[in-house]
file target.txt (compact mmCIF, C-alpha atoms)
# COMPACT_ATOMS: atom_id res chain seq x y z
CA MET A 2 -19.05 -19.10 55.56
CA ASP A 3 -19.94 -16.02 53.55
CA SER A 4 -19.77 -16.51 49.81
CA PRO A 5 -18.85 -13.53 47.60
CA ASP A 6 -21.58 -11.19 46.38
CA LYS A 7 -22.06 -11.57 42.63
CA ILE A 8 -23.63 -9.04 40.28
CA GLY A 9 -24.03 -9.57 36.55
CA LEU A 10 -24.68 -7.20 33.68
CA THR A 11 -25.49 -8.31 30.14
CA LEU A 12 -25.08 -5.74 27.38
CA PRO A 13 -25.48 -5.71 23.60
CA TYR A 14 -22.47 -4.96 21.40
CA LYS A 15 -23.58 -1.34 21.08
CA ALA A 16 -21.58 1.76 21.97
CA GLU A 17 -24.55 3.56 23.49
CA TYR A 18 -24.66 1.12 26.40
CA VAL A 19 -21.04 1.52 27.54
CA SER A 20 -22.18 4.38 29.79
CA VAL A 21 -24.51 1.90 31.50
CA ALA A 22 -21.48 -0.27 32.31
CA ARG A 23 -19.79 2.80 33.82
CA LEU A 24 -22.77 3.64 36.01
CA THR A 25 -23.12 0.06 37.18
CA SER A 26 -19.45 -0.37 37.99
CA SER A 27 -19.44 2.95 39.90
CA GLY A 28 -22.36 1.77 41.98
CA ILE A 29 -20.82 -1.59 42.72
CA ALA A 30 -17.38 -0.15 43.51
CA SER A 31 -18.99 2.32 45.93
CA ARG A 32 -20.92 -0.48 47.58
CA ALA A 33 -17.72 -2.49 47.91
CA GLY A 34 -16.25 0.35 49.97
CA PHE A 35 -13.77 2.01 47.62
CA ASP A 36 -13.07 5.74 47.98
CA ILE A 37 -14.33 8.12 45.33
CA GLU A 38 -11.06 8.29 43.43
CA THR A 39 -10.76 4.51 43.20
CA VAL A 40 -14.40 4.23 42.13
CA GLU A 41 -13.54 6.56 39.27
CA ASP A 42 -10.49 4.45 38.35
CA ILE A 43 -12.53 1.24 38.29
CA LYS A 44 -15.22 2.92 36.20
CA VAL A 45 -12.63 4.01 33.63
CA ALA A 46 -11.01 0.57 33.50
CA VAL A 47 -14.36 -1.17 32.95
CA SER A 48 -15.30 1.32 30.25
CA GLU A 49 -11.97 0.75 28.48
CA VAL A 50 -12.63 -2.97 28.26
CA CYS A 51 -16.20 -2.43 27.09
CA SER A 52 -15.04 -0.01 24.40
CA ARG A 53 -12.50 -2.52 23.23
CA ILE A 54 -15.13 -5.29 23.10
CA ILE A 55 -17.46 -3.04 21.10
CA SER A 56 -14.70 -2.10 18.64
CA THR A 57 -13.77 -5.75 18.15
CA ALA A 58 -17.39 -6.84 17.84
CA SER A 59 -18.30 -4.18 15.29
CA GLY A 60 -21.45 -5.35 13.53
CA PHE A 61 -22.02 -8.48 15.63
CA ASP A 62 -25.36 -9.35 17.12
CA GLY A 63 -25.37 -10.79 20.56
CA HIS A 64 -24.25 -9.80 23.99
CA TYR A 65 -21.32 -9.64 26.33
CA GLU A 66 -21.42 -10.03 30.06
CA ILE A 67 -19.68 -8.34 32.92
CA GLN A 68 -19.62 -10.19 36.21
CA PHE A 69 -18.67 -8.43 39.39
CA GLU A 70 -17.69 -10.41 42.45
CA ILE A 71 -17.19 -8.73 45.80
CA ASP A 72 -15.21 -10.79 48.21
CA LYS A 73 -14.24 -9.48 51.62
CA ASN A 74 -11.06 -7.84 50.42
CA GLU A 75 -11.27 -7.81 46.64
CA LEU A 76 -13.50 -6.77 43.76
CA VAL A 77 -13.09 -9.06 40.77
CA ILE A 78 -14.54 -8.09 37.38
CA ARG A 79 -14.73 -10.60 34.54
CA PHE A 80 -15.84 -10.14 30.96
CA TYR A 81 -17.49 -12.85 28.88
CA SER A 82 -18.56 -12.91 25.25
CA ASP A 83 -21.12 -15.06 23.48
CA ASN A 84 -19.02 -14.87 20.33
CA ASN A 85 -15.83 -16.91 20.21
CA LYS A 86 -14.29 -14.46 17.74
CA ILE A 87 -14.03 -12.02 20.63
CA ARG A 88 -11.11 -13.27 22.67
CA CYS A 89 -7.78 -11.44 22.75
CA ILE A 90 -9.24 -8.01 22.35
CA PHE A 91 -6.10 -6.05 23.18
CA ASP A 92 -3.77 -7.91 20.83
CA ASP A 93 -3.81 -5.15 18.26
CA ASP A 94 -4.07 -2.15 20.56
CA LYS A 95 -1.69 -0.07 18.53
CA ASP A 96 -1.44 2.93 20.79
CA GLY A 97 -1.52 0.90 23.95
CA LEU A 98 -3.46 3.68 25.66
CA GLY A 99 -6.30 1.38 26.68
CA MET A 100 -4.01 -1.27 28.11
CA SER A 101 -1.85 1.23 29.97
CA ILE A 102 -4.92 2.80 31.58
CA ILE A 103 -6.33 -0.57 32.68
CA LYS A 104 -3.00 -1.74 34.08
CA ALA A 105 -2.48 1.55 35.91
CA PHE A 106 -5.91 1.54 37.52
CA MET A 107 -6.39 -2.12 38.42
CA ASP A 108 -4.25 -4.26 40.72
CA ASN A 109 -4.37 -7.45 38.71
CA VAL A 110 -5.32 -7.99 35.08
CA GLU A 111 -5.47 -11.18 33.07
CA PHE A 112 -5.56 -10.43 29.35
CA CYS A 113 -6.79 -13.28 27.20
CA PRO A 114 -6.31 -16.13 29.68
CA ASP A 115 -6.17 -19.68 28.32
CA ARG A 116 -8.77 -22.29 29.14
CA THR A 117 -11.11 -20.05 31.03
CA GLY A 118 -14.59 -18.99 30.04
CA TYR A 119 -13.81 -15.29 30.33
CA ILE A 120 -11.94 -13.02 27.93
CA LEU A 121 -10.51 -10.72 30.55
CA SER A 122 -10.39 -10.56 34.32
CA MET A 123 -9.31 -7.68 36.51
CA SER A 124 -9.38 -7.05 40.20
CA LYS A 125 -8.89 -4.34 42.77
CA ILE A 126 -8.02 -4.89 46.38
CA ILE A 127 -10.37 -3.22 48.82
CA GLY A 128 -8.81 -1.07 51.47
CA VAL A 129 -5.74 0.06 49.55
CA VAL A 130 -5.62 3.74 48.54
CA SER A 131 -5.60 4.27 44.77
CA GLY A 132 -2.05 3.46 43.82
CA ASN A 133 -1.11 6.22 41.45
CA GLY A 134 -0.48 8.81 44.10
CA LEU A 135 -1.59 11.56 41.78
CA MET B 2 -28.63 7.17 29.65
CA SER B 3 -26.24 7.26 26.68
CA SER B 4 -23.25 9.51 27.09
CA GLU B 5 -23.68 13.03 25.70
CA LEU B 6 -21.16 15.43 24.31
CA PHE B 7 -21.49 19.13 23.61
CA LEU B 8 -18.97 21.00 21.50
CA LYS B 9 -18.76 24.68 20.74
CA GLU B 10 -16.17 26.28 18.47
CA ASN B 11 -15.06 29.81 17.91
CA TYR B 12 -12.26 31.45 16.03
CA SER B 13 -10.19 34.47 16.91
CA ALA B 14 -6.90 36.10 16.00
CA ASP B 15 -5.15 33.97 18.66
CA GLY B 16 -6.43 30.68 17.39
CA ALA B 17 -9.40 28.39 17.36
CA ARG B 18 -11.18 27.35 20.54
CA VAL B 19 -13.32 24.32 21.16
CA ALA B 20 -15.28 24.09 24.39
CA VAL B 21 -16.02 20.49 25.34
CA SER B 22 -18.59 19.36 27.86
CA GLY B 23 -20.07 16.00 28.69
CA GLU B 24 -18.45 12.64 28.05
CA ILE B 25 -16.11 11.40 25.36
CA ASP B 26 -16.34 7.65 24.90
CA ILE B 27 -16.77 5.21 22.04
CA TYR B 28 -20.33 6.46 21.51
CA THR B 29 -19.52 10.17 21.24
CA ALA B 30 -16.03 9.81 19.75
CA ARG B 31 -17.13 10.23 16.14
CA GLN B 32 -18.81 13.54 16.96
CA LEU B 33 -15.63 14.77 18.62
CA LYS B 34 -13.43 13.64 15.73
CA GLU B 35 -15.56 15.34 13.11
CA LYS B 36 -15.67 18.62 15.00
CA LEU B 37 -12.06 18.70 16.15
CA TYR B 38 -10.56 17.72 12.82
CA SER B 39 -12.77 20.28 11.09
CA VAL B 40 -11.57 23.01 13.45
CA VAL B 41 -7.94 22.00 12.87
CA ASP B 42 -8.48 22.18 9.11
CA LYS B 43 -10.27 25.54 9.23
CA SER B 44 -7.75 27.30 11.44
CA SER B 45 -4.16 28.17 10.66
CA LYS B 46 -3.20 28.82 14.27
CA ASP B 47 -2.97 26.90 17.54
CA ILE B 48 -6.02 25.08 18.84
CA TYR B 49 -7.32 25.61 22.38
CA ILE B 50 -9.56 22.92 23.84
CA ASP B 51 -11.42 24.04 26.95
CA CYS B 52 -12.20 20.90 28.94
CA GLY B 53 -13.83 22.64 31.90
CA GLY B 54 -17.08 20.81 31.24
CA LEU B 55 -15.54 17.45 30.37
CA ASP B 56 -16.57 14.80 32.88
CA TYR B 57 -15.21 11.67 31.22
CA ILE B 58 -12.77 10.64 28.53
CA ASP B 59 -11.26 7.29 27.65
CA SER B 60 -8.57 6.05 25.30
CA THR B 61 -10.89 6.48 22.30
CA GLY B 62 -11.09 10.20 23.02
CA LEU B 63 -7.42 10.52 23.88
CA GLY B 64 -6.59 8.88 20.56
CA ILE B 65 -8.64 11.51 18.74
CA PHE B 66 -6.80 14.28 20.54
CA VAL B 67 -3.51 12.67 19.50
CA GLY B 68 -4.69 12.41 15.91
CA ALA B 69 -5.61 16.09 15.92
CA LEU B 70 -2.22 16.95 17.41
CA LYS B 71 -0.43 15.07 14.64
CA LYS B 72 -2.31 17.18 12.09
CA THR B 73 -1.39 20.44 13.79
CA ARG B 74 2.25 19.46 14.28
CA LEU B 75 2.63 18.94 10.53
CA GLU B 76 2.15 22.70 10.27
CA GLY B 77 4.14 23.67 13.32
CA ARG B 78 1.03 24.38 15.40
CA ASN B 79 0.13 23.15 18.87
CA ILE B 80 -2.90 22.04 20.80
CA HIS B 81 -3.48 23.56 24.22
CA ILE B 82 -5.72 21.73 26.62
CA GLU B 83 -7.24 23.89 29.32
CA ASN B 84 -9.18 23.48 32.55
CA LEU B 85 -8.88 19.72 32.89
CA LYS B 86 -10.63 18.27 35.91
CA GLU B 87 -8.31 16.33 38.20
CA ASN B 88 -9.69 12.89 37.27
CA ILE B 89 -9.17 13.65 33.57
CA LYS B 90 -5.73 15.18 34.08
CA LYS B 91 -4.74 11.94 35.78
CA LEU B 92 -5.40 10.06 32.54
CA PHE B 93 -3.18 12.44 30.60
CA ILE B 94 -0.38 11.90 33.12
CA ILE B 95 -0.71 8.12 33.24
CA THR B 96 -0.58 7.86 29.46
CA GLY B 97 2.25 10.38 29.11
CA LEU B 98 0.06 12.68 27.04
CA ASP B 99 0.72 15.54 29.44
CA LYS B 100 4.10 15.79 27.74
CA LEU B 101 2.65 16.06 24.25
CA PHE B 102 -0.04 18.65 24.79
CA ILE B 103 0.30 22.06 26.37
CA LEU B 104 -1.82 21.78 29.52
CA SER B 105 -3.00 24.80 31.43

call {"tool": "encode", "arguments": {"input": "target.txt", "output": "structure tokens"}}
result
Amino acid sequence: MDSPDKIGLTLPYKAEYVSVARLTSSGIASRAGFDIETVEDIKVAVSEVCSRIISTASGFDGHYEIQFEIDKNELVIRFYSDNNKIRCIFDDDKDGLGMSIIKAFMDNVEFCPDRTGYILSMSKIIGVVSGNGL
Amino acid sequence: MSSELFLKENYSADGARVAVSGEIDIYTARQLKEKLYSVVDKSSKDIYIDCGGLDYIDSTGLGIFVGALKKTRLEGRNIHIENLKENIKKLFIITGLDKLFILS
């Protein structure tokens, strides 16, 4: 039985590395078989979460992790933090722009799930055309 | 490998123009805010933002655009956003910001 492919990226809480997360997620989404428009959507969604983590972690040392898991029909992306003060990162998203973008671009998003090791999980089903029809 | 942003301003009788190229994200947002707010303060007319060279923007950047718009609206002015690439225009539509700015 084939197990999912897993790719991990560990980044410091520094704004200058968010572009690295974008490049990595583009590469992985392409490899997973998404079309160019969906790759762009996934890249934006990942970057939104990273930006939010960086804003919340302002001044912290340490690292956060992004884990990508490619299963046969789904790409799952999970975010982990080594600092337990970084949990519900979208709770005070006043404008809601970040959350609305992530929800629009990803098929499934878990914000601040209880009793899991990750702070956010999102997934995109492979083989479905980007759902915004724009 | 960090994102880069290039901004160029000019002023005319019609208004102030800012040409944006590169990427607007959490790393380059401060640079955008300083420039855009400065242009809004220096001009008394509408602001035109040429996004023909803009490859990426996220909610941090969109928030700065909204902040600049609030400043202009206090004086009855508008912000026009021009030459958006399709992937960027999509973000404006999804967030409803296409109804706040004048897009062309």

call {"tool": "closest_atom_pairs", "arguments": {"input": "target.txt", "of": "chain B", "to": "chain A", "cutoff": "10 Å", "atoms": "only C-alpha atoms", "output": "CSV"}}
result
residue,atom,partner,partner_atom,distance
B:Met2,CA,A:Val21,CA,6.9
B:Ser3,CA,A:Glu17,CA,5.2
B:Ser4,CA,A:Ser20,CA,5.9
B:Glu5,CA,A:Ser20,CA,9.7
B:Glu24,CA,A:Ser20,CA,9.2
B:Asp26,CA,A:Ser52,CA,7.8
B:Ile27,CA,A:Ala16,CA,5.9
B:Tyr28,CA,A:Ala16,CA,4.9
B:Thr29,CA,A:Glu17,CA,8.6
B:Tyr57,CA,A:Val45,CA,8.4
B:Ile58,CA,A:Val45,CA,8.4
B:Asp59,CA,A:Glu49,CA,6.6
B:Ser60,CA,A:Gly99,CA,5.4
B:Thr61,CA,A:Ser52,CA,8.0
B:Leu63,CA,A:Leu98,CA,8.1
B:Gly64,CA,A:Asp96,CA,7.9
B:Glu87,CA,A:Leu135,CA,9.0
B:Asn88,CA,A:Glu41,CA,7.7
B:Lys90,CA,A:Leu135,CA,9.5
B:Lys91,CA,A:Leu135,CA,6.8
B:Leu92,CA,A:Ile102,CA,7.3
B:Phe93,CA,A:Ile102,CA,9.8
B:Ile94,CA,A:Leu135,CA,8.8
B:Ile95,CA,A:Ile102,CA,7.0
B:Thr96,CA,A:Leu98,CA,6.3
B:Gly97,CA,A:Leu98,CA,9.5
B:Leu98,CA,A:Leu98,CA,9.8

call {"tool": "atom_distance", "arguments": {"input": "target.txt", "atom1": "CA of Ser22 in chain B", "atom2": "CA of Ile48 in chain B"}}
result
16.5 Å

call {"tool": "atom_distance", "arguments": {"input": "target.txt", "atom1": "CA of Ala14 in chain B", "atom2": "CA of Ser45 in chain B"}}
result
9.9 Å

call {"tool": "residues_around", "arguments": {"input": "target.txt", "residues": "range 67-71 of chain A", "least_positions_apart": "5", "cutoff": "8 Å", "atoms": "only C-alpha atoms", "output": "PyMOL selection string"}}
result
chain A and resi 5-11+29+33+76-81

call {"tool": "atom_distance", "arguments": {"input": "target.txt", "atom1": "CA of Asn74 in chain A", "atom2": "CA of Asp3 in chain A"}}
result
12.5 Å

call {"tool": "residues_around", "arguments": {"input": "target.txt", "residues": "Asn84 in chain A", "least_positions_apart": "6", "cutoff": "12 Å", "atoms": "only C-alpha atoms", "output": "CSV table (one decimal) with C-alpha atoms, in the frame of the given file"}}
result
chain,number,residue,atom,x,y,z
A,13,PRO,CA,-25.5,-5.7,23.6
A,14,TYR,CA,-22.5,-5.0,21.4
A,54,ILE,CA,-15.1,-5.3,23.1
A,55,ILE,CA,-17.5,-3.0,21.1
A,57,THR,CA,-13.8,-5.8,18.2
A,58,ALA,CA,-17.4,-6.8,17.8
A,59,SER,CA,-18.3,-4.2,15.3
A,60,GLY,CA,-21.4,-5.4,13.5
A,61,PHE,CA,-22.0,-8.5,15.6
A,62,ASP,CA,-25.4,-9.4,17.1
A,63,GLY,CA,-25.4,-10.8,20.6
A,64,HIS,CA,-24.2,-9.8,24.0
A,65,TYR,CA,-21.3,-9.6,26.3
A,66,GLU,CA,-21.4,-10.0,30.1
A,118,GLY,CA,-14.6,-19.0,30.0
A,119,TYR,CA,-13.8,-15.3,30.3
A,120,ILE,CA,-11.9,-13.0,27.9
